[in-house]
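Next comes target-v5.pdb, a file with PDB, C-alpha atoms.
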```pdb
ATOM      1  CA  MET A1188     231.008  43.990  54.910
ATOM      2  CA  LYS A1189     227.716  42.469  56.050
ATOM      3  CA  LEU A1190     224.911  43.155  53.613
ATOM      4  CA  ALA A1191     221.368  41.902  54.025
ATOM      5  CA  ASN A1192     218.940  41.882  51.108
ATOM      6  CA  ILE A1193     215.270  41.254  51.760
ATOM      7  CA  ASN A1194     212.797  41.101  48.867
ATOM      8  CA  VAL A1195     209.101  41.555  49.601
ATOM      9  CA  SER A1196     206.505  41.060  46.895
ATOM     10  CA  ASN A1197     203.074  42.538  47.494
ATOM     11  CA  ASP A1198     201.312  40.724  44.648
ATOM     12  CA  ASN A1199     197.871  41.253  46.164
ATOM     13  CA  ASP A1200     198.445  44.948  46.900
ATOM     14  CA  THR A1201     198.505  46.917  43.663
ATOM     15  CA  ASP A1202     198.956  50.242  45.465
ATOM     16  CA  ASP A1203     202.412  49.530  46.862
ATOM     17  CA  GLY A1204     204.073  47.314  44.242
ATOM     18  CA  GLY A1205     206.999  45.127  45.239
ATOM     19  CA  GLN A1206     209.601  46.248  47.745
ATOM     20  CA  ARG A1207     213.232  45.370  48.301
ATOM     21  CA  VAL A1208     215.101  46.321  51.463
ATOM     22  CA  SER A1209     218.909  46.283  51.402
ATOM     23  CA  ILE A1210     220.733  46.796  54.672
ATOM     24  CA  ASN A1211     224.414  47.660  54.888
ATOM     25  CA  ASN A1212     225.379  47.028  58.514
ATOM     26  CA  GLN A1213     228.937  48.266  57.995
ATOM     27  CA  HIS A1214     227.756  51.727  56.897
ATOM     28  CA  ASN A1215     224.519  51.739  58.966
ATOM     29  CA  VAL A1216     222.337  52.417  55.927
ATOM     30  CA  ALA A1217     219.031  50.922  54.774
ATOM     31  CA  ASN A1218     217.898  51.264  51.168
ATOM     32  CA  ILE A1219     214.232  50.639  50.380
ATOM     33  CA  ASP A1220     213.173  50.288  46.731
ATOM     34  CA  ASN A1221     209.503  50.333  45.805
ATOM     35  CA  ASP A1222     208.812  49.212  42.234
ATOM     36  CA  ASN A1223     205.365  50.359  41.173
ATOM     37  CA  GLY A1224     205.635  51.824  37.690
ATOM     38  CA  TRP A1225     205.128  55.592  37.603
ATOM     39  CA  ASN A1226     204.611  55.614  41.399
ATOM     40  CA  SER A1227     208.011  54.031  42.124
ATOM     41  CA  TRP A1228     210.271  55.489  44.786
ATOM     42  CA  ASN A1229     213.556  54.792  46.537
ATOM     43  CA  SER A1230     214.414  55.714  50.111
ATOM     44  CA  ILE A1231     217.702  55.737  52.019
ATOM     45  CA  TRP A1232     217.807  55.767  55.800
ATOM     46  CA  ASP A1233     221.264  56.794  57.004
ATOM     47  CA  TYR A1234     221.509  55.887  60.677
ATOM     48  CA  ASN A1235     224.959  57.533  60.984
ATOM     49  CA  THR A1236     223.791  61.023  59.998
ATOM     50  CA  GLY A1237     220.213  60.653  61.256
ATOM     51  CA  PHE A1238     218.769  61.679  57.873
ATOM     52  CA  ALA A1239     216.549  59.889  55.384
ATOM     53  CA  ALA A1240     215.813  60.773  51.775
ATOM     54  CA  THR A1241     213.118  59.616  49.392
ATOM     55  CA  ARG A1242     213.537  59.911  45.634
ATOM     56  CA  ILE A1243     210.149  60.216  43.948
ATOM     57  CA  PHE A1244     210.645  59.079  40.373
ATOM     58  CA  ALA A1245     207.468  60.668  38.917
ATOM     59  CA  LYS A1246     208.470  64.093  40.253
ATOM     60  CA  LYS A1247     212.228  63.701  39.636
ATOM     61  CA  THR A1248     212.644  64.980  43.187
ATOM     62  CA  CYS A1249     214.356  64.073  46.458
ATOM     63  CA  ILE A1250     212.867  64.851  49.855
ATOM     64  CA  VAL A1251     215.250  64.798  52.848
ATOM     65  CA  HIS A1252     214.139  64.648  56.480
ATOM     66  CA  ARG A1253     215.422  63.634  59.889
ATOM     67  CA  LEU A1254     214.899  60.064  61.057
ATOM     68  CA  ASN A1255     212.566  60.051  64.036
ATOM     69  CA  ARG A1256     214.417  57.476  66.135
ATOM     70  CA  LYS A1257     211.435  57.107  68.467
ATOM     71  CA  VAL A1258     209.347  55.723  65.584
ATOM     72  CA  VAL A1259     211.754  54.410  62.927
ATOM     73  CA  PRO A1260     213.004  50.929  63.852
ATOM     74  CA  ALA A1261     216.700  50.494  64.634
ATOM     75  CA  LEU A1262     218.697  49.062  61.725
ATOM     76  CA  GLN A1263     218.981  45.604  63.309
ATOM     77  CA  ASP A1264     215.240  45.605  64.069
ATOM     78  CA  LEU A1265     214.438  46.703  60.507
ATOM     79  CA  GLU A1266     216.346  43.693  59.186
ATOM     80  CA  LYS A1267     214.566  41.331  61.568
ATOM     81  CA  MET A1268     211.129  42.834  60.923
ATOM     82  CA  SER A1269     211.695  42.803  57.150
ATOM     83  CA  LYS A1270     212.552  39.113  57.209
ATOM     84  CA  GLU A1271     209.482  38.400  59.339
ATOM     85  CA  ARG A1272     207.319  40.347  56.876
ATOM     86  CA  LYS A1273     208.662  38.305  54.004
ATOM     87  CA  VAL A1274     206.788  35.242  55.252
ATOM     88  CA  LYS A1275     203.555  37.029  56.244
ATOM     89  CA  ASP A1276     200.697  37.635  53.834
ATOM     90  CA  THR A1277     198.858  40.196  55.971
ATOM     91  CA  LEU A1278     199.429  42.691  58.727
ATOM     92  CA  PRO A1279     200.003  40.875  62.032
ATOM     93  CA  THR A1280     196.922  40.875  64.232
ATOM     94  CA  GLY A1281     196.926  43.687  66.760
ATOM     95  CA  LEU A1282     199.682  45.696  65.097
ATOM     96  CA  SER A1283     199.092  48.815  63.063
ATOM     97  CA  PRO A1284     201.828  50.559  61.124
ATOM     98  CA  GLN A1285     203.392  53.702  62.534
ATOM     99  CA  SER A1286     202.728  56.950  60.655
ATOM    100  CA  LEU A1287     204.958  59.962  60.202
ATOM    101  CA  HIS A1288     203.917  63.191  58.502
ATOM    102  CA  TYR A1289     206.299  65.740  56.970
ATOM    103  CA  LYS A1290     205.771  69.183  55.481
ATOM    104  CA  ILE A1291     208.089  69.923  52.563
ATOM    105  CA  GLU A1292     209.876  73.269  52.740
ATOM    106  CA  PRO A1293     209.363  75.365  49.580
ATOM    107  CA  GLU A1294     213.031  76.307  49.070
ATOM    108  CA  GLU A1295     215.220  73.918  47.129
ATOM    109  CA  THR A1296     218.253  72.609  49.055
ATOM    110  CA  LYS A1297     221.529  73.071  47.164
ATOM    111  CA  ASP A1298     224.127  71.710  49.651
ATOM    112  CA  LEU A1299     223.638  67.956  49.801
ATOM    113  CA  THR A1300     226.955  67.226  51.555
ATOM    114  CA  GLN A1301     225.363  68.019  54.935
ATOM    115  CA  PHE A1302     223.262  64.831  54.661
ATOM    116  CA  GLY A1303     226.130  62.367  54.127
ATOM    117  CA  SER A1304     227.415  60.642  51.002
ATOM    118  CA  PRO A1305     224.640  58.000  50.564
ATOM    119  CA  ILE A1306     221.949  60.699  50.386
ATOM    120  CA  GLU A1307     224.176  63.079  48.421
ATOM    121  CA  ASN A1308     224.825  60.367  45.808
ATOM    122  CA  MET A1309     221.160  59.433  45.491
ATOM    123  CA  CYS A1310     219.874  63.011  45.211
ATOM    124  CA  LYS A1311     222.672  64.525  43.100
ATOM    125  CA  GLY A1312     221.238  66.150  39.981
ATOM    126  CA  LEU A1313     217.651  66.148  41.286
ATOM    127  CA  ARG A1314     215.629  68.941  42.844
ATOM    128  CA  THR A1315     216.018  68.331  46.557
ATOM    129  CA  TYR A1316     213.870  69.709  49.350
ATOM    130  CA  GLN A1317     213.959  69.339  53.103
ATOM    131  CA  ALA A1318     210.891  68.343  55.069
ATOM    132  CA  GLN A1319     210.073  68.895  58.727
ATOM    133  CA  GLU A1320     208.053  66.459  60.796
ATOM    134  CA  VAL A1321     204.600  67.717  61.689
ATOM    135  CA  GLN A1322     202.663  66.350  64.613
ATOM    136  CA  GLY A1323     199.190  66.879  65.920
ATOM    137  CA  GLN A1324     196.324  68.785  64.373
ATOM    138  CA  SER A1325     198.438  71.274  62.418
ATOM    139  CA  PHE A1326     199.170  68.520  59.892
ATOM    140  CA  TYR A1327     195.516  68.121  58.951
ATOM    141  CA  PHE A1328     195.235  71.766  57.860
ATOM    142  CA  HIS A1329     197.792  71.258  55.073
ATOM    143  CA  SER A1330     196.256  72.107  51.700
ATOM    144  CA  GLY A1331     199.046  70.919  49.362
ATOM    145  CA  SER A1332     199.520  67.551  47.714
ATOM    146  CA  CYS A1333     200.946  64.571  49.591
ATOM    147  CA  PHE A1334     203.065  61.639  48.486
ATOM    148  CA  ARG A1335     202.682  58.613  50.738
ATOM    149  CA  ILE A1336     205.195  55.829  51.047
ATOM    150  CA  ASN A1337     204.518  52.597  52.896
ATOM    151  CA  VAL A1338     207.577  50.747  54.120
ATOM    152  CA  LEU A1339     206.627  47.080  54.332
ATOM    153  CA  TRP A1340     203.930  46.824  56.988
ATOM    154  CA  LEU A1341     206.095  48.786  59.427
ATOM    155  CA  MET A1342     205.394  52.407  58.678
ATOM    156  CA  GLY A1343     203.602  54.936  56.523
ATOM    157  CA  ILE A1344     205.299  58.237  55.687
ATOM    158  CA  SER A1345     203.430  61.211  54.228
ATOM    159  CA  LEU A1346     205.489  63.886  52.451
ATOM    160  CA  CYS A1347     203.250  66.905  51.893
ATOM    161  CA  GLY A1348     203.922  70.091  49.974
ATOM    162  CA  ASP A1349     204.165  71.404  46.476
ATOM    163  CA  VAL A1350     207.337  70.578  44.555
ATOM    164  CA  THR A1351     208.136  71.256  40.936
ATOM    165  CA  ALA A1352     209.298  68.448  38.682
ATOM    166  CA  SER A1353     212.506  69.246  36.808
TER     167      SER A1353
END
```

This structure in structure tokens:
Amino acid sequence: MKLANINVSNDNDTDDGGQRVSINNQHNVANIDNDNGWNSWNSIWDYNTGFAATRIFAKKTCIVHRLNRKVVPALQDLEKMSKERKVKDTLPTGLSPQSLHYKIEPEETKDLTQFGSPIENMCKGLRTYQAQEVQGQSFYFHSGSCFRINVLWLMGISLCGDVTAS
């Protein structure tokens, strides 16, 4: 089993905390941990099922959504880009991170098996909601709260909607 672990410390960026990316090439899964106190989160990107999930610790909630393969880097590219980021102090000149926006569905999802075992295991016992990608101007009319995750310098993901902490 080939496992790659990449640790990224954002000492100068108090908003994001430190991040660790673990890549399991055998199972085609990336695990991103963001350690930032009460704003900590964990995300799993399962390239086999095409789903991703983010566990938001402060809300004791999981949000599941489809991986947008046009925007999310391939697993091998994620590993390469993560290692490159490890030695960079700032965003590379000329590159801006990709952004994805998701609207959280209000109904809690009970059947986690449909998302594959990595996501099922991470979200088991937590309130879990699905989110749908929103593009264009309709996203900007959303009136609920948003939780934003930044994955290294590669991408920003906004998860918007009202969820209830358990």

The residue from A:Glu1266, A:His1214, A:Asn1255, A:Glu1292 with the smallest atom-to-atom distance to Gly1237 in chain A, counting all atoms listed in the file, is A:Asn1255

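Each of A:Cys1249, A:Ile1219, A:Ile1243, A:Ile1210 was checked against Cys1310 in chain A using all atoms listed in the file; the smallest atom-to-atom distance is that of A:Cys1249.
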
Might you spell out which residues the PyMOL selection byres ((chain A and resi 1320) around 9) would select in the displayed file, as a ChimeraX atom specification?
/A:1252-1253,1255,1287-1291,1318-1319,1321-1322

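Here CA of Gln1317 in chain A and CA of Gln1301 in chain A stand 11.6 Å from one another.
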
Open item on the list: If we count all atoms listed in the file and set the cut-off at 12 Å, which residues sit around Phe1238 in chain A, ignoring sequence neighbours fewer than 3 positions away in its own chain? Please answer as a PyMOL selection string.
Closed with: chain A and resi 1215-1217+1230-1235+1241+1250-1256+1259+1299-1307+1317-1319

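In this structure, CA of Phe1334 in chain A sits 6.3 Å away from CA of Cys1347 in chain A.
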
- Message: Using only C-alpha atoms, which protein or nucleic acid residues come within 10 Å of Gln1285 in chain A? Drop anything in the same chain fewer than 6 positions from it, and give the result as a list in words.
- Response: Val1258, Val1259, Asn1337, Val1338, Trp1340, Leu1341, Met1342, Gly1343 and Ile1344 of chain A

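If you look at CA of Gly1224 in chain A and CA of Arg1335 in chain A, they are 15.0 Å away from each other.
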
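Minimum atom-to-atom distances from A:Ala1245, A:Leu1313, A:Ala1261, A:Met1268 to Asn1223 in chain A were compared using only C-alpha atoms, and the lowest value belongs to A:Ala1245.
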
Answer key for the PyMOL selection byres ((chain A and resi 1227) around 10), residues as a short mmCIF file (atom, residue, chain, number, x, y, z; two decimals) with C-alpha atoms, in the coordinates of the input:
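The result, stored in result-v1.cif:
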```cif
data_model
loop_
_atom_site.label_atom_id
_atom_site.label_comp_id
_atom_site.auth_asym_id
_atom_site.auth_seq_id
_atom_site.Cartn_x
_atom_site.Cartn_y
_atom_site.Cartn_z
CA ASP A 1203 202.41 49.53 46.86
CA GLY A 1204 204.07 47.31 44.24
CA GLY A 1205 207.00 45.13 45.24
CA GLN A 1206 209.60 46.25 47.74
CA ASP A 1220 213.17 50.29 46.73
CA ASN A 1221 209.50 50.33 45.80
CA ASP A 1222 208.81 49.21 42.23
CA ASN A 1223 205.36 50.36 41.17
CA GLY A 1224 205.64 51.82 37.69
CA TRP A 1225 205.13 55.59 37.60
CA ASN A 1226 204.61 55.61 41.40
CA TRP A 1228 210.27 55.49 44.79
CA ASN A 1229 213.56 54.79 46.54
CA ARG A 1242 213.54 59.91 45.63
CA ILE A 1243 210.15 60.22 43.95
CA PHE A 1244 210.64 59.08 40.37
CA ALA A 1245 207.47 60.67 38.92
CA ILE A 1336 205.20 55.83 51.05
#
```

- Task: Any chance you could resolve the PyMOL selection byres ((chain A and resi 1350) around 10) against this file and give the residues as a PyMOL selection string?
- Result: chain A and resi 1246-1250+1291-1295+1314-1316+1331-1332+1347-1349+1351-1353

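Using all atoms listed in the file, the shortest contact distance between Ala1239 in chain A and any of A:Thr1296, A:Met1309, A:Leu1339, A:Gln1213 is found at A:Met1309.
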
Taking all atoms of range 1206-1217 of chain A that the file lists, what box with edges along x, y and z, padded by 5 Å per side, do you get, with centre and edge lengths in Å to one decimal, as lines of an AutoDock Vina configuration file?
```
center_x = 219.3
center_y = 48.9
center_z = 53.4
size_x = 29.3
size_y = 17.0
size_z = 21.2
```

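Checking A:Lys1311, A:Arg1207, A:Lys1267, A:Lys1257 one by one against Ala1240 in chain A, counting only C-alpha atoms, you find the shortest gap at A:Lys1311.
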
For range 1204-1225 of chain A, where the input has fewer atoms than it should, I would like N, CA, C and O atoms rebuilt and written as a PDB file, in the frame of the given file.
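That gives us rebuild.pdb:
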```pdb
ATOM      1  N   GLY A1204     203.088  47.993  45.079  1.00  0.00           N
ATOM      2  CA  GLY A1204     204.073  47.314  44.242  1.00  0.00           C
ATOM      3  C   GLY A1204     204.944  46.404  45.073  1.00  0.00           C
ATOM      4  O   GLY A1204     204.633  46.067  46.201  1.00  0.00           O
ATOM      5  N   GLY A1205     206.068  45.977  44.514  1.00  0.00           N
ATOM      6  CA  GLY A1205     206.999  45.127  45.239  1.00  0.00           C
ATOM      7  C   GLY A1205     208.078  45.972  45.901  1.00  0.00           C
ATOM      8  O   GLY A1205     208.444  47.025  45.396  1.00  0.00           O
ATOM      9  N   GLN A1206     208.555  45.514  47.030  1.00  0.00           N
ATOM     10  CA  GLN A1206     209.601  46.248  47.745  1.00  0.00           C
ATOM     11  C   GLN A1206     210.806  45.374  47.987  1.00  0.00           C
ATOM     12  O   GLN A1206     210.690  44.168  48.179  1.00  0.00           O
ATOM     13  N   ARG A1207     211.967  46.019  47.976  1.00  0.00           N
ATOM     14  CA  ARG A1207     213.232  45.370  48.301  1.00  0.00           C
ATOM     15  C   ARG A1207     213.933  46.241  49.335  1.00  0.00           C
ATOM     16  O   ARG A1207     214.061  47.448  49.147  1.00  0.00           O
ATOM     17  N   VAL A1208     214.363  45.623  50.410  1.00  0.00           N
ATOM     18  CA  VAL A1208     215.101  46.321  51.463  1.00  0.00           C
ATOM     19  C   VAL A1208     216.520  45.773  51.467  1.00  0.00           C
ATOM     20  O   VAL A1208     216.721  44.566  51.574  1.00  0.00           O
ATOM     21  N   SER A1209     217.495  46.656  51.312  1.00  0.00           N
ATOM     22  CA  SER A1209     218.909  46.283  51.402  1.00  0.00           C
ATOM     23  C   SER A1209     219.495  47.000  52.607  1.00  0.00           C
ATOM     24  O   SER A1209     219.333  48.207  52.750  1.00  0.00           O
ATOM     25  N   ILE A1210     220.165  46.236  53.449  1.00  0.00           N
ATOM     26  CA  ILE A1210     220.733  46.796  54.672  1.00  0.00           C
ATOM     27  C   ILE A1210     222.238  46.599  54.654  1.00  0.00           C
ATOM     28  O   ILE A1210     222.723  45.487  54.482  1.00  0.00           O
ATOM     29  N   ASN A1211     222.966  47.702  54.806  1.00  0.00           N
ATOM     30  CA  ASN A1211     224.414  47.660  54.888  1.00  0.00           C
ATOM     31  C   ASN A1211     224.785  47.948  56.344  1.00  0.00           C
ATOM     32  O   ASN A1211     224.779  49.104  56.778  1.00  0.00           O
ATOM     33  N   ASN A1212     225.066  46.881  57.090  1.00  0.00           N
ATOM     34  CA  ASN A1212     225.379  47.028  58.514  1.00  0.00           C
ATOM     35  C   ASN A1212     226.702  47.753  58.743  1.00  0.00           C
ATOM     36  O   ASN A1212     226.864  48.436  59.745  1.00  0.00           O
ATOM     37  N   GLN A1213     227.639  47.608  57.838  1.00  0.00           N
ATOM     38  CA  GLN A1213     228.937  48.266  57.995  1.00  0.00           C
ATOM     39  C   GLN A1213     228.798  49.791  57.940  1.00  0.00           C
ATOM     40  O   GLN A1213     229.451  50.508  58.690  1.00  0.00           O
ATOM     41  N   HIS A1214     227.931  50.284  57.046  1.00  0.00           N
ATOM     42  CA  HIS A1214     227.756  51.727  56.897  1.00  0.00           C
ATOM     43  C   HIS A1214     226.494  52.250  57.585  1.00  0.00           C
ATOM     44  O   HIS A1214     226.196  53.441  57.501  1.00  0.00           O
ATOM     45  N   ASN A1215     225.744  51.367  58.250  1.00  0.00           N
ATOM     46  CA  ASN A1215     224.519  51.739  58.966  1.00  0.00           C
ATOM     47  C   ASN A1215     223.508  52.439  58.074  1.00  0.00           C
ATOM     48  O   ASN A1215     222.971  53.498  58.411  1.00  0.00           O
ATOM     49  N   VAL A1216     223.248  51.834  56.910  1.00  0.00           N
ATOM     50  CA  VAL A1216     222.337  52.417  55.927  1.00  0.00           C
ATOM     51  C   VAL A1216     221.335  51.357  55.471  1.00  0.00           C
ATOM     52  O   VAL A1216     221.705  50.211  55.221  1.00  0.00           O
ATOM     53  N   ALA A1217     220.070  51.766  55.362  1.00  0.00           N
ATOM     54  CA  ALA A1217     219.031  50.922  54.774  1.00  0.00           C
ATOM     55  C   ALA A1217     218.561  51.585  53.485  1.00  0.00           C
ATOM     56  O   ALA A1217     218.387  52.802  53.432  1.00  0.00           O
ATOM     57  N   ASN A1218     218.380  50.786  52.464  1.00  0.00           N
ATOM     58  CA  ASN A1218     217.898  51.264  51.168  1.00  0.00           C
ATOM     59  C   ASN A1218     216.611  50.510  50.864  1.00  0.00           C
ATOM     60  O   ASN A1218     216.608  49.283  50.826  1.00  0.00           O
ATOM     61  N   ILE A1219     215.525  51.250  50.665  1.00  0.00           N
ATOM     62  CA  ILE A1219     214.232  50.639  50.380  1.00  0.00           C
ATOM     63  C   ILE A1219     213.822  51.038  48.968  1.00  0.00           C
ATOM     64  O   ILE A1219     213.719  52.224  48.664  1.00  0.00           O
ATOM     65  N   ASP A1220     213.613  50.051  48.106  1.00  0.00           N
ATOM     66  CA  ASP A1220     213.173  50.288  46.731  1.00  0.00           C
ATOM     67  C   ASP A1220     211.736  49.822  46.599  1.00  0.00           C
ATOM     68  O   ASP A1220     211.412  48.690  46.968  1.00  0.00           O
ATOM     69  N   ASN A1221     210.894  50.683  46.066  1.00  0.00           N
ATOM     70  CA  ASN A1221     209.503  50.333  45.805  1.00  0.00           C
ATOM     71  C   ASN A1221     209.255  50.427  44.304  1.00  0.00           C
ATOM     72  O   ASN A1221     209.318  51.497  43.725  1.00  0.00           O
ATOM     73  N   ASP A1222     209.022  49.270  43.677  1.00  0.00           N
ATOM     74  CA  ASP A1222     208.812  49.212  42.234  1.00  0.00           C
ATOM     75  C   ASP A1222     207.318  49.153  41.942  1.00  0.00           C
ATOM     76  O   ASP A1222     206.675  48.135  42.168  1.00  0.00           O
ATOM     77  N   ASN A1223     206.789  50.275  41.461  1.00  0.00           N
ATOM     78  CA  ASN A1223     205.365  50.359  41.173  1.00  0.00           C
ATOM     79  C   ASN A1223     205.124  51.285  39.987  1.00  0.00           C
ATOM     80  O   ASN A1223     204.382  52.256  40.072  1.00  0.00           O
ATOM     81  N   GLY A1224     205.823  51.023  38.896  1.00  0.00           N
ATOM     82  CA  GLY A1224     205.635  51.824  37.690  1.00  0.00           C
ATOM     83  C   GLY A1224     205.894  53.294  37.920  1.00  0.00           C
ATOM     84  O   GLY A1224     206.910  53.685  38.497  1.00  0.00           O
ATOM     85  N   TRP A1225     204.971  54.144  37.492  1.00  0.00           N
ATOM     86  CA  TRP A1225     205.128  55.592  37.603  1.00  0.00           C
ATOM     87  C   TRP A1225     205.168  56.052  39.059  1.00  0.00           C
ATOM     88  O   TRP A1225     205.689  57.100  39.383  1.00  0.00           O
TER      89      TRP A1225
END
```
